Amino acid sequence: KGGANVILQKPLNPAAVAASVKTFHAIMASERRRYFRHHVTIPVSFVADAVTQRAMMENLSEGGMAVTMRNPLARSSSAEFSFELPFGPRVAGQAQVMWINDAGLMGLEFRLLHGSSREHLMNWLKNKALQR
């Protein structure tokens, strides 16, 4: 419940504390995330302002996805998307751009999933988690 826990040995010194924090940084960062991200490589289609663009998904979670796109959408903009899950059905809906980095990677949060898309996505993620 308390998040990441670290045990430090006395006597404490700045170098030992820094080394411990560096070692556990990845664990602490992953605990901040709401949903586990599954690394995938899936083509995605986006439609924003009547313009269709293709992107490549880098990771996928229950709450959204990270994609690389040649011409990234504007931060906070919304777009319709669709992609086909590996060995699974098509997922479609609407997402909002939450962040963009300098390398063209965008983080999108799902706002609406059409039809059975939520059920398909949840089943796929559940099966993927069982394989880990």
# chains A, B, ... in the order shown; residues from 1 in each chain; ligands from 1
call {"tool": "select_by_dssp", "arguments": {"residues": "range 9-130 of chain A", "states": "alpha helix (DSSP H)", "output": "JSON, numbers by chain"}}
result
{"A": [14, 15, 16, 17, 18, 19, 20, 21, 22, 23, 24, 25, 26, 27, 28, 29, 30, 31, 32, 117, 118, 119, 120, 121, 122, 123, 124, 125, 126, 127, 128, 129, 130]}
call {"tool": "select_by_dssp", "arguments": {"residues": "chain A", "states": "strand (DSSP E)", "output": "PyMOL selection string"}}
result
chain A and resi 38-48+51-60+64-69+78-84+90-100+105-113
call {"tool": "residues_around", "arguments": {"residues": "Val47 in chain A", "least_positions_apart": "2", "cutoff": "10 Å", "atoms": "only C-alpha atoms", "output": "PyMOL selection string"}}
result
chain A and resi 45+49-54+78-82+94
call {"tool": "write_last_selection", "arguments": {"atoms": "N, CA and C atoms", "output": "PDB file, in the first residue's frame"}}
result
ATOM      1  N   SER A  45      -4.395   3.216 -37.256  1.00  0.00           N
ATOM      2  CA  SER A  45      -4.903   4.285 -38.123  1.00  0.00           C
ATOM      3  C   SER A  45      -5.593   5.328 -37.252  1.00  0.00           C
ATOM      4  N   ASP A  49      -9.554  15.588 -37.827  1.00  0.00           N
ATOM      5  CA  ASP A  49      -9.880  16.682 -38.747  1.00  0.00           C
ATOM      6  C   ASP A  49      -9.976  16.189 -40.193  1.00  0.00           C
ATOM      7  N   ALA A  50     -10.634  15.055 -40.389  1.00  0.00           N
ATOM      8  CA  ALA A  50     -10.878  14.441 -41.695  1.00  0.00           C
ATOM      9  C   ALA A  50      -9.605  14.001 -42.416  1.00  0.00           C
ATOM     10  N   VAL A  51      -8.480  13.920 -41.691  1.00  0.00           N
ATOM     11  CA  VAL A  51      -7.217  13.466 -42.272  1.00  0.00           C
ATOM     12  C   VAL A  51      -6.846  12.130 -41.619  1.00  0.00           C
ATOM     13  N   THR A  52      -6.571  11.130 -42.468  1.00  0.00           N
ATOM     14  CA  THR A  52      -6.179   9.812 -41.973  1.00  0.00           C
ATOM     15  C   THR A  52      -4.663   9.716 -41.942  1.00  0.00           C
ATOM     16  N   GLN A  53      -4.136   9.232 -40.812  1.00  0.00           N
ATOM     17  CA  GLN A  53      -2.706   9.030 -40.661  1.00  0.00           C
ATOM     18  C   GLN A  53      -2.446   7.631 -40.117  1.00  0.00           C
ATOM     19  N   ARG A  54      -1.284   7.098 -40.439  1.00  0.00           N
ATOM     20  CA  ARG A  54      -0.868   5.801 -39.916  1.00  0.00           C
ATOM     21  C   ARG A  54       0.210   6.039 -38.861  1.00  0.00           C
ATOM     22  N   SER A  78      -8.082  15.271 -30.020  1.00  0.00           N
ATOM     23  CA  SER A  78      -8.741  13.965 -30.032  1.00  0.00           C
ATOM     24  C   SER A  78      -8.734  13.416 -31.447  1.00  0.00           C
ATOM     25  N   ALA A  79      -8.751  12.089 -31.534  1.00  0.00           N
ATOM     26  CA  ALA A  79      -8.769  11.443 -32.842  1.00  0.00           C
ATOM     27  C   ALA A  79      -9.472  10.099 -32.736  1.00  0.00           C
ATOM     28  N   GLU A  80     -10.094   9.705 -33.826  1.00  0.00           N
ATOM     29  CA  GLU A  80     -10.637   8.353 -33.943  1.00  0.00           C
ATOM     30  C   GLU A  80      -9.468   7.438 -34.286  1.00  0.00           C
ATOM     31  N   PHE A  81      -9.471   6.237 -33.760  1.00  0.00           N
ATOM     32  CA  PHE A  81      -8.392   5.301 -34.045  1.00  0.00           C
ATOM     33  C   PHE A  81      -8.966   3.913 -34.297  1.00  0.00           C
ATOM     34  N   SER A  82      -8.170   3.074 -34.934  1.00  0.00           N
ATOM     35  CA  SER A  82      -8.509   1.659 -35.052  1.00  0.00           C
ATOM     36  C   SER A  82      -7.221   0.877 -35.280  1.00  0.00           C
ATOM     37  N   GLN A  94     -12.102   6.404 -29.677  1.00  0.00           N
ATOM     38  CA  GLN A  94     -11.604   7.771 -29.695  1.00  0.00           C
ATOM     39  C   GLN A  94     -10.600   7.922 -28.564  1.00  0.00           C
TER      40      GLN A  94
END
call {"tool": "residues_around", "arguments": {"residues": "range 85-89 of chain A", "least_positions_apart": "5", "cutoff": "9 Å", "atoms": "only C-alpha atoms", "output": "ChimeraX atom specification"}}
result
/A:40,42,117,120-121,124
call {"tool": "atom_distance", "arguments": {"atom1": "CA of Arg111 in chain A", "atom2": "CA of Gln96 in chain A"}}
result
6.7 Å
call {"tool": "closest_residue", "arguments": {"among": "A:Val21, A:Ala15, A:Ile100, A:Val44", "to": "Leu60 in chain A", "atoms": "only C-alpha atoms"}}
result
A:Val44
call {"tool": "residues_around", "arguments": {"residues": "Met98 in chain A", "least_positions_apart": "3", "cutoff": "12 Å", "atoms": "only C-alpha atoms", "output": "list in words"}}
result
Gly63, Gly64, Met65, Ala66, Val67, Pro72, Leu73, Ala74, Arg75, Ser76, Ser77, Ser78, Ala79, Ala95, Asn101, Leu105, Met106, Gly107, Leu108, Glu109, Phe110 and Arg111 of chain A
call {"tool": "closest_residue", "arguments": {"among": "A:His39, A:His114, A:Lys126, A:Arg70", "to": "Asp102 in chain A", "atoms": "only C-alpha atoms"}}
result
A:Arg70
call {"tool": "atom_distance", "arguments": {"atom1": "CA of Ser61 in chain A", "atom2": "CA of Gly115 in chain A"}}
result
18.3 Å
call {"tool": "closest_residue", "arguments": {"among": "A:Ala19, A:Leu12, A:Leu112, A:Met69", "to": "Pro43 in chain A", "atoms": "only C-alpha atoms"}}
result
A:Met69
call {"tool": "atom_distance", "arguments": {"atom1": "CA of Thr68 in chain A", "atom2": "CA of Leu113 in chain A"}}
result
20.6 Å
